[in-house]
Amino acid sequence: MGWNSWNRFACDIDEKLIRETADAMVKTGLKDAGYQYINIDDCWHGARDEHGDIQPDPQRFPSGMKALADYVHARGLKLGIYSDVGDKTCGGRPGSRGHEYQDAKTYAAWGIDYLKYDWCESKGLSAVGAYTTMRDAIRAANRPILFSLCEWGDNKPWEWAPEVGHSWRTTGDIYPCWDCELSAGTYSRWGVMRILDMQAGLRKYAGPGHWNDMDMLEVGMGMTEDEDRSHFSIWAMLNSPLILGNDLRSMPESVKKIIGRREVIAINQDPLGVAALRFWKQGPVELWAKPLANDEWAFMVLNRGETALPLRYDWKQNVIDDQVFKHQLDFSKATWHWTDTWTGKTGDTSRRLDATVPAHGVVLLRLKKGA
């Protein structure tokens, strides 16, 4: 859980922004809600010095990365940084190719806690080889650094990345829309529903310490409140890292309430670490279930459609059978009490679930077995 500079600021970053964002994460209560990483994405780089050591841009980061890391750490947070497998990053700055061990040692000396490692300028490289090299370099640097593979899913990282990093991107970049593709010719950015659909078949590869990454959050970046709540709920249900992308310094209260909703965050951070499965679909309505620790469950109703829809759900009509992780839920055998994680409303499975699901909206419940 954390924040990343790219979605809102792209290359328009400096140390003042990073300091102010760290302060805002504490002041808004997001740190207390579980967010801990302040991640600097592309364009922080200056040149390499005469020894080949990477330096931060002296105009944008005049105090240096070590001082910035100290500032972030003093607020009980962690600092992340960005690099790339190629000679150049996606933004044209110096990449780590041929300097992996040198860069990892530099990051460790600065006090870096997280590395996002991108896949631009990767022609001729083996994904497994390139990412394994940086993994080994991080280990040799002898500092705990969360290793986030940003390989875009091109080489099926879910099949090999659990042995290499802590998370791996399963898709190309996200775009703040419900269901769209923004094409740039050689690549595309994807809306929330497109990314959700790309996760089919991937839940079996992830678990504690090795996560499918559906890209950073676009909450507060132009979608409706219902779409933002759905976006946040889906990422929670599928255990994707919760990396914010909005401006924490000036967000409206409505956005703060969504990204700070602890009942939803708890579903994402559940220690069992099992991602949700879709067990029912009819038209635009989908039902998802997620096993939780302590024999609890999360239950999500997703309305992908353009109009609000009434829901009249008989709990006994489906037996939820997770054949991958061997969990089963049969509502005919016991009564479960539920709490709506967004509204606080309560009920139980002895009665039909009656609700109206907004267009592009969700109902997200947490279920606990009755006495």
# chains A, B, ... in the order shown; residues from 1 in each chain; ligands from 1

$ residues_around --residues "A:Leu115" --least-positions-apart "5" --cutoff "6 Å" --atoms "only C-alpha atoms" --output "number ranges by chain"
A: 80-82, 147-148

$ closest_atom_pairs --of "stretch 68-138 of chain A" --to "stretch 22-34 of chain A" --cutoff "12 Å" --atoms "only C-alpha atoms" --output "CSV"
residue,atom,partner,partner_atom,distance
A:Leu68,CA,A:Ala22,CA,10.2
A:Ala69,CA,A:Ala22,CA,10.5
A:Asp70,CA,A:Ala22,CA,11.5
A:Tyr71,CA,A:Ala22,CA,8.5
A:Val72,CA,A:Ala22,CA,6.2
A:His73,CA,A:Ala22,CA,9.4
A:Ala74,CA,A:Ala22,CA,9.9
A:Arg75,CA,A:Val26,CA,7.4
A:Gly76,CA,A:Lys31,CA,8.2
A:Leu77,CA,A:Ala22,CA,7.5
A:Lys78,CA,A:Ala22,CA,9.2
A:Leu79,CA,A:Ala22,CA,9.3
A:Gly80,CA,A:Ala22,CA,11.8

$ residues_around --residues "stretch 121-138 of chain A" --least-positions-apart "4" --cutoff "10 Å" --atoms "only C-alpha atoms" --output "PyMOL selection string"
chain A and resi 84-90+92+95-105+107-108+115+117+142-151+154-157+160-161+163-165

$ residues_around --residues "A:Asp295" --least-positions-apart "3" --cutoff "8 Å" --atoms "only C-alpha atoms" --output "PyMOL selection string"
chain A and resi 291-292+368-369

$ write_last_selection --atoms "N, CA and C atoms" --output "PDB file, in the first residue's frame"
ATOM      1  N   PRO A 291     -12.393 -15.846  -0.154  1.00  0.00           N
ATOM      2  CA  PRO A 291     -12.167 -16.415   1.181  1.00  0.00           C
ATOM      3  C   PRO A 291     -11.257 -15.508   2.013  1.00  0.00           C
ATOM      4  N   LEU A 292     -11.598 -15.366   3.286  1.00  0.00           N
ATOM      5  CA  LEU A 292     -10.801 -14.560   4.205  1.00  0.00           C
ATOM      6  C   LEU A 292     -10.313 -15.425   5.367  1.00  0.00           C
ATOM      7  N   LYS A 368     -19.613 -13.187   8.105  1.00  0.00           N
ATOM      8  CA  LYS A 368     -19.109 -13.932   9.249  1.00  0.00           C
ATOM      9  C   LYS A 368     -20.178 -14.926   9.668  1.00  0.00           C
ATOM     10  N   LYS A 369     -19.770 -16.144   9.916  1.00  0.00           N
ATOM     11  CA  LYS A 369     -20.716 -17.194  10.250  1.00  0.00           C
ATOM     12  C   LYS A 369     -21.404 -16.910  11.579  1.00  0.00           C
TER      13      LYS A 369
END

$ closest_residue --among "A:Leu329, A:Ile258, A:Leu244, A:Ile234" --to "A:Val301" --atoms "only C-alpha atoms"
A:Ile234

$ closest_residue --among "A:Lys290, A:Arg351, A:Arg194, A:Arg262" --to "A:Tyr313" --atoms "only C-alpha atoms"
A:Arg351

$ residues_around --residues "A:Gly91" --least-positions-apart "4" --cutoff "9 Å" --atoms "only C-alpha atoms" --output "list in words"
Cys11, Asp42, Cys43 and Cys120 of chain A

$ closest_residue --among "A:Thr186, A:Gly153, A:Trp6, A:Lys316" --to "A:Lys116" --atoms "only C-alpha atoms"
A:Trp6

$ atom_distance --atom1 "atom CA of A:Trp235" --atom2 "atom CA of A:Leu17"
26.1 Å

$ closest_residue --among "A:His327, A:Arg229, A:Arg278, A:Lys333" --to "A:Ser254" --atoms "only C-alpha atoms"
A:Arg229

$ atom_distance --atom1 "atom CA of A:Glu263" --atom2 "atom CA of A:Trp342"
7.6 Å

$ select_by_dssp --residues "stretch 189-244 of chain A" --states "helix (DSSP H, G or I)" --output "compact mmCIF listing (two decimals) with N, CA, C and O atoms, in the first residue's frame"
# COMPACT_ATOMS: atom_id res chain seq x y z
N VAL A 192 -10.74 0.17 -16.29
CA VAL A 192 -10.87 -0.73 -15.14
C VAL A 192 -11.44 -2.09 -15.54
O VAL A 192 -10.92 -3.14 -15.14
N MET A 193 -12.51 -2.11 -16.34
CA MET A 193 -13.12 -3.38 -16.73
C MET A 193 -12.20 -4.19 -17.64
O MET A 193 -12.16 -5.43 -17.54
N ARG A 194 -11.46 -3.52 -18.50
CA ARG A 194 -10.54 -4.24 -19.39
C ARG A 194 -9.45 -4.94 -18.57
O ARG A 194 -9.10 -6.09 -18.83
N ILE A 195 -8.93 -4.23 -17.57
CA ILE A 195 -7.90 -4.83 -16.73
C ILE A 195 -8.47 -5.98 -15.90
O ILE A 195 -7.83 -7.02 -15.75
N LEU A 196 -9.69 -5.80 -15.39
CA LEU A 196 -10.32 -6.89 -14.64
C LEU A 196 -10.42 -8.14 -15.51
O LEU A 196 -10.09 -9.26 -15.06
N ASP A 197 -10.85 -8.00 -16.74
CA ASP A 197 -11.02 -9.16 -17.61
C ASP A 197 -9.70 -9.84 -17.95
O ASP A 197 -9.66 -11.05 -18.20
N ARG A 203 -5.45 -15.94 -10.73
CA ARG A 203 -5.50 -15.92 -9.26
C ARG A 203 -4.68 -17.04 -8.65
O ARG A 203 -4.16 -16.90 -7.53
N LYS A 204 -4.53 -18.15 -9.35
CA LYS A 204 -3.82 -19.30 -8.78
C LYS A 204 -2.33 -19.04 -8.59
O LYS A 204 -1.66 -19.75 -7.83
N TYR A 205 -1.79 -18.02 -9.25
CA TYR A 205 -0.35 -17.77 -9.19
C TYR A 205 0.05 -16.90 -8.00
O TYR A 205 1.24 -16.81 -7.68
N GLU A 225 -17.86 8.77 -8.65
CA GLU A 225 -17.65 8.18 -7.32
C GLU A 225 -18.03 6.70 -7.30
O GLU A 225 -17.34 5.89 -6.66
N ASP A 226 -19.11 6.34 -7.99
CA ASP A 226 -19.47 4.92 -8.05
C ASP A 226 -18.38 4.11 -8.74
O ASP A 226 -18.04 3.01 -8.31
N GLU A 227 -17.83 4.64 -9.82
CA GLU A 227 -16.75 3.94 -10.52
C GLU A 227 -15.51 3.84 -9.66
O GLU A 227 -14.82 2.81 -9.64
N ASP A 228 -15.20 4.91 -8.92
CA ASP A 228 -14.05 4.87 -8.01
C ASP A 228 -14.23 3.82 -6.92
O ASP A 228 -13.29 3.09 -6.57
N ARG A 229 -15.44 3.75 -6.35
CA ARG A 229 -15.69 2.74 -5.32
C ARG A 229 -15.57 1.33 -5.90
O ARG A 229 -15.02 0.43 -5.26
N SER A 230 -16.07 1.14 -7.10
CA SER A 230 -15.94 -0.17 -7.75
C SER A 230 -14.49 -0.51 -8.02
O SER A 230 -14.04 -1.64 -7.75
N HIS A 231 -13.77 0.43 -8.58
CA HIS A 231 -12.35 0.26 -8.87
C HIS A 231 -11.59 -0.16 -7.60
O HIS A 231 -10.84 -1.15 -7.59
N PHE A 232 -11.81 0.56 -6.52
CA PHE A 232 -11.12 0.27 -5.26
C PHE A 232 -11.55 -1.09 -4.72
O PHE A 232 -10.71 -1.87 -4.22
N SER A 233 -12.83 -1.41 -4.83
CA SER A 233 -13.33 -2.70 -4.34
C SER A 233 -12.75 -3.87 -5.13
O SER A 233 -12.38 -4.90 -4.55
N ILE A 234 -12.68 -3.73 -6.44
CA ILE A 234 -12.14 -4.80 -7.29
C ILE A 234 -10.68 -5.04 -6.96
O ILE A 234 -10.25 -6.20 -6.82
N TRP A 235 -9.90 -3.97 -6.84
CA TRP A 235 -8.48 -4.14 -6.49
C TRP A 235 -8.35 -4.81 -5.12
O TRP A 235 -7.46 -5.64 -4.91
N ALA A 236 -9.24 -4.46 -4.19
CA ALA A 236 -9.21 -5.09 -2.87
C ALA A 236 -9.54 -6.58 -2.97
O ALA A 236 -8.87 -7.42 -2.36
N MET A 237 -10.56 -6.91 -3.73
CA MET A 237 -11.00 -8.31 -3.82
C MET A 237 -9.97 -9.19 -4.51
O MET A 237 -9.84 -10.38 -4.19

$ closest_residue --among "A:Thr356, A:Gln323, A:Asn239, A:Asn7" --to "A:Val285" --atoms "only C-alpha atoms"
A:Thr356

$ select_by_dssp --residues "stretch 63-124 of chain A" --states "strand (DSSP E or B)" --output "list in words"
Lys78, Leu79, Gly80, Ile81, Tyr82, Ser83, Asp84, Lys88, Pro94, Tyr114, Leu115, Lys116, Tyr117 and Asp118 of chain A

$ closest_residue --among "A:Gly245, A:Gly185, A:Pro62, A:Pro284" --to "A:Asp41" --atoms "only C-alpha atoms"
A:Gly245

$ atom_distance --atom1 "atom CA of A:Trp178" --atom2 "atom CA of A:Val255"
16.7 Å
